[in-house]
$ cat target.cif   # mmCIF, C-alpha atoms
data_model
loop_
_atom_site.label_atom_id
_atom_site.label_comp_id
_atom_site.auth_asym_id
_atom_site.auth_seq_id
_atom_site.Cartn_x
_atom_site.Cartn_y
_atom_site.Cartn_z
CA MET A 25 154.31 144.53 76.63
CA GLN A 26 152.14 141.48 76.65
CA GLU A 27 149.25 141.53 74.21
CA GLN A 28 145.79 141.31 75.68
CA PRO A 29 143.90 138.21 74.60
CA VAL A 30 141.14 138.89 72.12
CA ALA A 31 137.74 138.15 73.57
CA PRO A 32 135.92 135.51 71.53
CA GLN A 33 133.00 136.83 69.54
CA LYS A 34 129.59 135.81 70.75
CA SER A 35 127.77 133.57 68.32
CA LYS A 36 124.69 135.25 66.93
CA LYS A 37 121.23 134.16 67.89
CA LEU A 38 119.30 132.05 65.42
CA LEU A 39 116.98 134.81 64.18
CA GLU A 40 119.96 137.14 63.73
CA GLN A 41 121.58 134.46 61.56
CA VAL A 42 118.37 134.24 59.52
CA SER A 43 118.39 138.02 59.06
CA ASP A 44 122.03 137.99 57.91
CA ALA A 45 121.35 135.17 55.43
CA LEU A 46 118.33 136.96 53.95
CA ARG A 47 120.26 140.19 53.50
CA ALA A 48 123.19 138.35 51.94
CA LYS A 49 120.77 137.00 49.34
CA HIS A 50 119.23 140.48 48.81
CA TYR A 51 115.75 139.62 50.05
CA SER A 52 113.59 142.69 50.67
CA TYR A 53 113.20 144.05 54.19
CA ARG A 54 109.50 143.19 54.12
CA THR A 55 110.28 139.56 53.23
CA GLU A 56 112.89 139.48 55.98
CA GLN A 57 110.34 140.62 58.56
CA ALA A 58 107.77 138.09 57.33
CA TYR A 59 110.23 135.15 57.31
CA ILE A 60 111.53 135.93 60.79
CA ASP A 61 107.98 136.19 62.10
CA TRP A 62 107.03 132.80 60.64
CA ILE A 63 110.16 131.12 61.99
CA ARG A 64 109.45 132.58 65.43
CA ARG A 65 105.86 131.27 65.27
CA TYR A 66 107.12 127.84 64.19
CA ILE A 67 109.46 127.66 67.20
CA LEU A 68 106.81 128.88 69.66
CA PHE A 69 104.27 126.41 68.25
CA HIS A 70 106.66 123.58 69.17
CA LYS A 71 107.20 124.89 72.73
CA LYS A 72 110.47 126.71 71.95
CA ARG A 73 112.32 123.63 70.78
CA HIS A 74 115.37 124.43 68.70
CA PRO A 75 114.81 123.75 64.96
CA ASN A 76 117.92 121.52 64.97
CA GLU A 77 115.96 119.15 67.19
CA MET A 78 113.04 119.07 64.77
CA GLY A 79 112.50 118.11 61.18
CA GLU A 80 110.02 117.05 58.53
CA ASN A 81 107.27 115.90 60.88
CA GLU A 82 107.29 119.10 62.91
CA ILE A 83 107.21 121.21 59.75
CA SER A 84 104.27 119.21 58.43
CA THR A 85 102.39 119.51 61.72
CA PHE A 86 102.80 123.29 61.76
CA ILE A 87 101.73 123.79 58.13
CA VAL A 88 98.70 121.53 58.58
CA TYR A 89 97.79 123.52 61.71
CA LEU A 90 97.89 126.76 59.73
CA ALA A 91 95.66 125.31 57.03
CA THR A 92 93.12 123.47 59.18
CA GLU A 93 92.99 125.36 62.47
CA ARG A 94 93.99 128.89 61.53
CA LYS A 95 92.49 128.57 58.02
CA VAL A 96 95.09 130.93 56.56
CA ALA A 97 95.07 131.87 52.88
CA THR A 98 97.01 129.72 50.42
CA SER A 99 99.58 132.46 49.84
CA THR A 100 100.13 132.80 53.60
CA GLN A 101 100.58 129.04 53.98
CA ASN A 102 103.13 128.99 51.15
CA GLN A 103 105.03 131.93 52.65
CA ALA A 104 105.25 130.19 56.04
CA LEU A 105 106.57 127.02 54.39
CA SER A 106 109.12 129.01 52.35
CA ALA A 107 110.36 130.73 55.50
CA ILE A 108 110.85 127.46 57.39
CA LEU A 109 112.56 125.79 54.45
CA PHE A 110 114.91 128.78 54.15
CA LEU A 111 115.79 128.33 57.81
CA TYR A 112 116.71 124.68 57.39
CA ARG A 113 118.29 124.71 53.96
CA VAL A 114 120.20 128.01 54.04
CA VAL A 115 120.82 128.88 57.69
CA LEU A 116 121.05 125.45 59.34
CA GLU A 117 122.32 123.80 56.11
CA LYS A 118 120.11 120.76 56.58
CA ASP A 119 118.74 118.92 53.58
CA ILE A 120 115.05 118.74 54.37
CA SER A 121 112.84 116.40 52.37
CA LEU A 122 109.24 117.10 53.16
CA PRO A 123 107.03 114.08 53.85
CA LYS A 124 104.58 113.12 51.15
CA THR A 125 101.71 113.86 53.52
CA ILE A 126 102.36 117.60 53.31
CA ILE A 127 100.48 119.31 50.52
CA HIS A 128 101.89 122.25 48.59
CA PRO A 129 98.69 124.22 48.09
CA SER A 130 98.19 125.92 44.75
CA ARG A 131 96.80 129.42 44.73
CA PRO A 132 93.10 129.37 43.81
CA LYS A 133 92.07 131.26 40.72
CA ARG A 134 90.49 134.60 41.65
CA LEU A 135 89.09 137.14 39.22
CA PRO A 136 90.38 140.65 39.94
CA THR A 137 88.15 143.56 40.85
CA VAL A 138 88.08 145.99 37.92
CA LEU A 139 86.69 149.52 37.77
CA THR A 140 85.17 151.04 34.68
CA HIS A 141 87.03 154.03 33.30
CA GLN A 142 84.36 156.31 34.73
CA GLU A 143 84.63 154.69 38.17
CA ALA A 144 88.43 154.87 38.18
CA MET A 145 88.39 158.58 37.28
CA ALA A 146 85.66 159.27 39.85
CA VAL A 147 87.81 157.74 42.61
CA ILE A 148 90.88 159.68 41.43
CA ASN A 149 88.98 162.97 41.20
CA ASN A 150 87.85 162.58 44.82
CA MET A 151 91.46 162.50 46.00
CA GLN A 152 93.80 165.40 46.65
CA GLY A 153 97.43 166.40 46.13
CA LYS A 154 100.10 163.70 46.07
CA MET A 155 97.55 160.97 46.75
CA ARG A 156 95.65 161.95 43.62
CA LEU A 157 98.83 162.04 41.53
CA MET A 158 99.93 158.60 42.75
CA ALA A 159 96.49 157.14 41.97
CA LYS A 160 96.77 158.60 38.46
CA ILE A 161 100.14 156.88 38.01
CA LEU A 162 98.80 153.55 39.27
CA TYR A 163 95.91 153.68 36.80
CA GLY A 164 97.83 155.31 33.95
CA SER A 165 101.01 153.21 34.19
CA GLY A 166 99.91 149.91 35.76
CA LEU A 167 102.37 150.10 38.65
CA ARG A 168 102.07 148.11 41.83
CA LEU A 169 101.70 150.21 44.98
CA THR A 170 105.26 149.62 46.20
CA GLU A 171 106.67 150.28 42.71
CA CYS A 172 105.00 153.69 42.71
CA LEU A 173 106.20 154.55 46.21
CA ARG A 174 109.79 153.52 45.38
CA LEU A 175 110.05 155.67 42.26
CA ARG A 176 113.18 157.81 42.24
CA VAL A 177 113.83 160.95 40.22
CA LYS A 178 116.08 159.07 37.78
CA ASP A 179 113.27 156.61 36.98
CA LEU A 180 111.15 159.27 35.24
CA ASP A 181 112.00 159.76 31.56
CA PHE A 182 109.99 162.78 30.47
CA GLU A 183 111.54 162.89 27.01
CA ARG A 184 110.52 159.32 26.12
CA HIS A 185 107.31 159.44 28.19
CA GLN A 186 108.24 156.34 30.13
CA ILE A 187 108.77 155.12 33.68
CA ILE A 188 111.57 152.69 34.46
CA VAL A 189 110.45 150.30 37.18
CA ARG A 190 113.54 149.14 39.08
CA SER A 191 113.67 145.78 40.86
CA GLY A 192 109.98 145.00 40.45
CA LYS A 193 108.46 141.68 41.40
CA GLY A 194 111.06 138.99 40.73
CA ASP A 195 113.78 141.69 41.01
CA ASP A 196 113.44 142.54 37.31
CA ASP A 197 113.48 145.99 35.70
CA ARG A 198 110.91 147.00 33.11
CA VAL A 199 109.63 150.03 31.22
CA THR A 200 106.04 151.25 31.26
CA ILE A 201 104.02 154.29 30.19
CA LEU A 202 104.41 157.77 31.66
CA PRO A 203 100.99 159.30 30.91
CA ASP A 204 101.12 162.70 29.22
CA SER A 205 98.43 163.99 31.59
CA VAL A 206 100.63 163.64 34.70
CA VAL A 207 103.84 165.18 33.32
CA GLY A 208 102.96 168.74 34.36
CA GLU A 209 101.91 167.67 37.87
CA LEU A 210 105.04 165.58 38.30
CA LYS A 211 107.33 168.43 37.34
CA ILE A 212 105.61 170.73 39.83
CA ILE A 213 105.82 168.22 42.68
CA LEU A 214 109.48 167.54 41.91
CA GLN A 215 110.22 171.20 42.57
CA ASP A 216 108.86 170.78 46.10
CA VAL A 217 110.75 167.52 46.57
CA LYS A 218 113.99 169.15 45.46
CA ALA A 219 113.52 172.01 47.91
CA LEU A 220 112.91 169.46 50.69
CA HIS A 221 116.04 167.53 49.70
CA GLU A 222 118.17 170.69 49.72
CA LYS A 223 116.83 171.51 53.20
CA ASP A 224 117.78 168.01 54.39
CA LEU A 225 121.31 168.45 52.99
CA ILE A 226 121.73 171.77 54.79
CA GLU A 227 120.65 170.11 58.05
CA GLY A 228 123.19 167.31 57.61
CA TYR A 229 120.90 164.64 56.17
CA GLY A 230 119.61 164.05 52.62
CA GLU A 231 121.23 160.69 51.97
CA SER A 232 118.89 158.16 50.37
CA ALA A 233 119.32 154.41 50.81
CA LEU A 234 120.84 152.83 47.70
CA PRO A 235 120.12 149.31 46.42
CA ASN A 236 122.62 146.45 46.19
CA ALA A 237 125.35 148.10 48.30
CA LEU A 238 125.87 150.88 45.73
CA ASN A 239 126.63 153.19 48.65
CA VAL A 240 129.90 151.26 49.09
CA LYS A 241 130.90 151.69 45.46
CA TYR A 242 129.62 155.27 45.22
CA PRO A 243 129.76 156.72 48.76
CA ASN A 244 128.25 160.11 47.83
CA ALA A 245 125.62 158.94 45.35
CA GLY A 246 122.89 158.73 48.00
CA ARG A 247 122.99 162.52 48.40
CA GLU A 248 122.55 163.18 44.69
CA TRP A 249 119.23 164.56 43.47
CA ILE A 250 118.57 161.75 40.97
CA TRP A 251 118.49 159.12 43.76
CA GLN A 252 115.78 160.83 45.81
CA TYR A 253 112.28 159.41 46.09
CA VAL A 254 109.58 161.11 44.03
CA PHE A 255 107.12 160.67 46.91
CA PRO A 256 109.17 161.17 50.10
CA ALA A 257 107.82 160.82 53.63
CA SER A 258 106.97 163.99 55.50
CA GLN A 259 109.34 163.07 58.33
CA ARG A 260 112.82 161.59 58.52
CA SER A 261 113.19 158.22 60.25
CA ILE A 262 115.80 155.66 61.25
CA ASP A 263 116.61 153.12 58.54
CA PRO A 264 116.02 149.71 60.21
CA LEU A 265 118.79 148.10 58.14
CA SER A 266 121.59 150.62 58.66
CA GLY A 267 120.47 152.66 61.67
CA VAL A 268 121.06 155.86 59.64
CA VAL A 269 118.52 158.68 59.83
CA ARG A 270 117.04 159.12 56.35
CA ARG A 271 113.93 160.33 54.57
CA HIS A 272 112.19 157.22 53.31
CA HIS A 273 109.36 157.13 50.79
CA LEU A 274 105.73 157.54 51.84
CA ASP A 275 104.23 154.68 53.82
CA GLU A 276 101.92 152.50 51.75
CA THR A 277 99.09 152.77 54.27
CA VAL A 278 98.73 156.48 53.49
CA LEU A 279 97.70 155.83 49.88
CA GLN A 280 95.65 152.75 50.80
CA LYS A 281 93.58 154.83 53.20
CA ALA A 282 93.13 157.67 50.70
CA VAL A 283 91.91 155.31 47.94
CA ARG A 284 89.51 153.53 50.28
CA GLN A 285 88.02 156.80 51.51
CA ALA A 286 87.59 158.16 47.96
CA ALA A 287 85.81 154.97 46.85
CA GLN A 288 83.51 155.08 49.87
CA LEU A 289 82.71 158.72 49.21
CA ILE A 290 81.24 157.95 45.79
CA LYS A 291 79.64 154.73 47.07
CA ILE A 292 81.28 152.23 44.70
CA ASP A 293 79.91 148.80 45.57
CA LYS A 294 83.22 147.01 44.92
CA PRO A 295 86.28 146.44 47.13
CA VAL A 296 88.68 149.13 45.91
CA SER A 297 92.39 149.31 46.78
CA PRO A 298 95.44 150.82 45.05
CA HIS A 299 96.00 147.48 43.28
CA THR A 300 92.53 147.78 41.69
CA PHE A 301 93.95 150.53 39.48
CA ARG A 302 96.57 148.09 38.10
CA HIS A 303 93.86 145.54 37.31
CA SER A 304 91.81 148.27 35.61
CA PHE A 305 94.84 149.47 33.62
CA ALA A 306 95.40 145.99 32.15
CA THR A 307 91.74 145.32 31.42
CA HIS A 308 91.17 148.66 29.72
CA LEU A 309 94.25 148.24 27.51
CA LEU A 310 92.92 144.88 26.32
CA GLN A 311 89.49 146.41 25.76
CA ASN A 312 91.14 149.06 23.61
CA GLY A 313 92.65 146.40 21.38
CA TYR A 314 96.25 146.23 22.61
CA ASP A 315 98.04 142.91 22.19
CA ILE A 316 98.16 140.74 25.30
CA ARG A 317 101.96 140.35 24.98
CA THR A 318 102.33 144.14 25.11
CA VAL A 319 100.18 144.29 28.24
CA GLN A 320 102.21 141.44 29.75
CA GLU A 321 105.42 143.41 29.21
CA LEU A 322 104.00 146.61 30.67
CA LEU A 323 102.81 144.75 33.76
CA GLY A 324 106.06 142.84 34.18
CA HIS A 325 104.44 139.38 34.19
CA LYS A 326 106.89 136.54 33.56
CA ASP A 327 104.18 134.28 32.13
CA VAL A 328 101.43 135.38 29.76
CA LYS A 329 99.08 133.05 31.65
CA THR A 330 99.12 135.58 34.49
CA THR A 331 98.05 138.32 32.11
CA MET A 332 95.36 136.08 30.60
CA ILE A 333 93.27 136.52 33.76
CA TYR A 334 92.20 139.92 32.43
CA THR A 335 90.58 138.38 29.36
CA HIS A 336 88.02 136.89 31.76
CA VAL A 337 86.78 140.30 32.90
CA LEU A 338 86.48 142.00 29.51
CA GLN A 339 83.30 143.88 28.68
CA ARG A 340 80.78 141.22 29.76
CA GLY A 341 80.58 138.26 32.13
CA GLY A 342 81.23 134.69 31.02
CA LEU A 343 84.23 135.39 28.73
CA ALA A 344 82.26 138.14 26.94
CA VAL A 345 79.79 135.58 25.59
CA ARG A 346 76.27 136.88 24.92
CA SER A 347 73.57 134.93 26.76
CA PRO A 348 71.03 133.13 24.52
CA LEU A 349 68.32 134.63 26.71
CA ASP A 350 69.23 138.07 25.32
CA ASP A 351 68.94 137.05 21.64
#
$ encode --input "target.cif" --output "structure tokens"
Amino acid sequence: MQEQPVAPQKSKKLLEQVSDALRAKHYSYRTEQAYIDWIRRYILFHKKRHPNEMGENEISTFIVYLATERKVATSTQNQALSAILFLYRVVLEKDISLPKTIIHPSRPKRLPTVLTHQEAMAVINNMQGKMRLMAKILYGSGLRLTECLRLRVKDLDFERHQIIVRSGKGDDDRVTILPDSVVGELKIILQDVKALHEKDLIEGYGESALPNALNVKYPNAGREWIWQYVFPASQRSIDPLSGVVRRHHLDETVLQKAVRQAAQLIKIDKPVSPHTFRHSFATHLLQNGYDIRTVQELLGHKDVKTTMIYTHVLQRGGLAVRSPLDD
């Protein structure tokens, strides 16, 4: 019997190749979405020309357009440039040397918004349920919003009163404080989460997404209790990476909205977001006399210069210097 010829595989579209390259290098899904969006905008800006037909001048024109016409923030401009360079250097394997006319903008120095202890507790006390508990963890542990949402059961060490932050910014792990005052609430909420997980298992679900392809090495680990999210979503959804129906963690907009509403309710005249609690955590530790290197480690900053920003908002304005007018 004559063998049927194997149909040649269709070559993937450019954006699919970008997606594959990002996943191979373990970029986050959010970064993948952002990079693909910027590459698409870059191509559309140049009338759908293929990037192979373009180069340094077209990149420079697009970045200058973002800065001068769209007036995007420095961080946004840098992200767009990083996305386009990834396309050329990793996907298209072209050695791009940017023209000297293009400017790599540095991020301007901004002082963070910081709440007093009384303000932080007032915002927290005007929240309810899981939202209130998450806000307590942000302020009491110095976590970023996504780090809090991605907490899994195994990351809570009640015996040592610590939280292990996995794959934080820069893909590094670190240890921070588990406040004594949230231990009781966490244990109660975990009972509800465990009941929800057991219900999912009975209904044929209950498998959590595992990082770094651990599901290949340990096929059943995703169903284990320790891998479940501490703050799961109320509904199951389709994992955009695998297509598997899973229960993801809570969406970040839920907590953002709850914090904003609580701050508005007590009429705080500052822009308050979940990240404000992290800024307040660092500032209040320094006010209480803790060493800046300790605060740096708890926050997960690679460079102490990043942590130094909080010394500029301690106690009083102007580096805590007393005005001669007040003498």
$ resolve_selection --input "target.cif" --expression "the PyMOL selection byres ((chain A and resi 115-122) around 8)" --output "list of chain:residue names"
A:Gln41, A:Val42, A:Ala45, A:Asn76, A:Gly79, A:Glu80, A:Ser84, A:Leu109, A:Phe110, A:Leu111, A:Tyr112, A:Arg113, A:Val114, A:Pro123, A:Lys124, A:Ile126
$ closest_residue --input "target.cif" --among "A:Cys172, A:Val328, A:Val177, A:Val199" --to "Glu248 of chain A" --atoms "only C-alpha atoms"
A:Val177
$ resolve_selection --input "target.cif" --expression "the PyMOL selection byres ((chain A and resi 249-260) around 6)" --output "PDB file with C-alpha atoms, in the frame of the given file"
ATOM      1  CA  LEU A 175     110.050 155.670  42.260  1.00  0.00           C
ATOM      2  CA  ARG A 176     113.180 157.810  42.240  1.00  0.00           C
ATOM      3  CA  VAL A 177     113.830 160.950  40.220  1.00  0.00           C
ATOM      4  CA  LYS A 178     116.080 159.070  37.780  1.00  0.00           C
ATOM      5  CA  GLU A 248     122.550 163.180  44.690  1.00  0.00           C
ATOM      6  CA  SER A 261     113.190 158.220  60.250  1.00  0.00           C
ATOM      7  CA  ARG A 270     117.040 159.120  56.350  1.00  0.00           C
ATOM      8  CA  ARG A 271     113.930 160.330  54.570  1.00  0.00           C
ATOM      9  CA  HIS A 272     112.190 157.220  53.310  1.00  0.00           C
ATOM     10  CA  HIS A 273     109.360 157.130  50.790  1.00  0.00           C
ATOM     11  CA  LEU A 274     105.730 157.540  51.840  1.00  0.00           C
TER      12      LEU A 274
END
$ closest_residue --input "target.cif" --among "A:Gly164, A:Gly228, A:Pro136, A:Pro243" --to "Phe305 of chain A" --atoms "all atoms listed in the file"
A:Gly164
$ residues_around --input "target.cif" --residues "Ile290 of chain A" --least-positions-apart "2" --cutoff "8 Å" --atoms "only C-alpha atoms" --output "mmCIF file with C-alpha atoms, keeping the file's coordinate frame"
data_model
loop_
_atom_site.group_PDB
_atom_site.id
_atom_site.type_symbol
_atom_site.label_atom_id
_atom_site.label_comp_id
_atom_site.auth_asym_id
_atom_site.auth_seq_id
_atom_site.Cartn_x
_atom_site.Cartn_y
_atom_site.Cartn_z
ATOM 1 C CA ALA A 146 85.660 159.270 39.850
ATOM 2 C CA VAL A 147 87.810 157.740 42.610
ATOM 3 C CA ALA A 286 87.590 158.160 47.960
ATOM 4 C CA ALA A 287 85.810 154.970 46.850
ATOM 5 C CA GLN A 288 83.510 155.080 49.870
ATOM 6 C CA ILE A 292 81.280 152.230 44.700
#
$ decode --input "target.cif" --residues "segment 82-113 of chain A" --atoms "C-alpha atoms" --output "mmCIF file, in the first residue's frame"
data_model
loop_
_atom_site.group_PDB
_atom_site.id
_atom_site.type_symbol
_atom_site.label_atom_id
_atom_site.label_comp_id
_atom_site.auth_asym_id
_atom_site.auth_seq_id
_atom_site.Cartn_x
_atom_site.Cartn_y
_atom_site.Cartn_z
ATOM 1 C CA GLU A 82 11.280 52.991 10.526
ATOM 2 C CA ILE A 83 11.785 52.032 14.174
ATOM 3 C CA SER A 84 13.083 55.509 14.956
ATOM 4 C CA THR A 85 10.161 57.163 13.156
ATOM 5 C CA PHE A 86 7.623 55.121 15.124
ATOM 6 C CA ILE A 87 9.241 55.754 18.524
ATOM 7 C CA VAL A 88 9.547 59.483 17.830
ATOM 8 C CA TYR A 89 5.871 59.514 16.799
ATOM 9 C CA LEU A 90 4.895 57.933 20.119
ATOM 10 C CA ALA A 91 6.908 60.492 22.060
ATOM 11 C CA THR A 92 6.000 63.645 20.136
ATOM 12 C CA GLU A 93 2.544 63.023 18.697
ATOM 13 C CA ARG A 94 1.000 60.538 21.103
ATOM 14 C CA LYS A 95 2.962 61.919 24.084
ATOM 15 C CA VAL A 96 3.084 58.495 25.748
ATOM 16 C CA ALA A 97 4.765 57.995 29.113
ATOM 17 C CA THR A 98 8.465 57.129 29.218
ATOM 18 C CA SER A 99 7.747 53.595 30.431
ATOM 19 C CA THR A 100 5.299 53.066 27.551
ATOM 20 C CA GLN A 101 7.830 54.331 25.017
ATOM 21 C CA ASN A 102 10.489 51.992 26.398
ATOM 22 C CA GLN A 103 8.102 49.033 26.317
ATOM 23 C CA ALA A 104 7.229 49.707 22.662
ATOM 24 C CA LEU A 105 10.925 49.875 21.761
ATOM 25 C CA SER A 106 11.661 46.652 23.675
ATOM 26 C CA ALA A 107 8.849 44.866 21.834
ATOM 27 C CA ILE A 108 10.097 45.927 18.398
ATOM 28 C CA LEU A 109 13.694 45.050 19.208
ATOM 29 C CA PHE A 110 12.548 41.614 20.406
ATOM 30 C CA LEU A 111 10.820 41.128 17.067
ATOM 31 C CA TYR A 112 13.940 41.913 15.068
ATOM 32 C CA ARG A 113 16.622 40.375 17.249
#
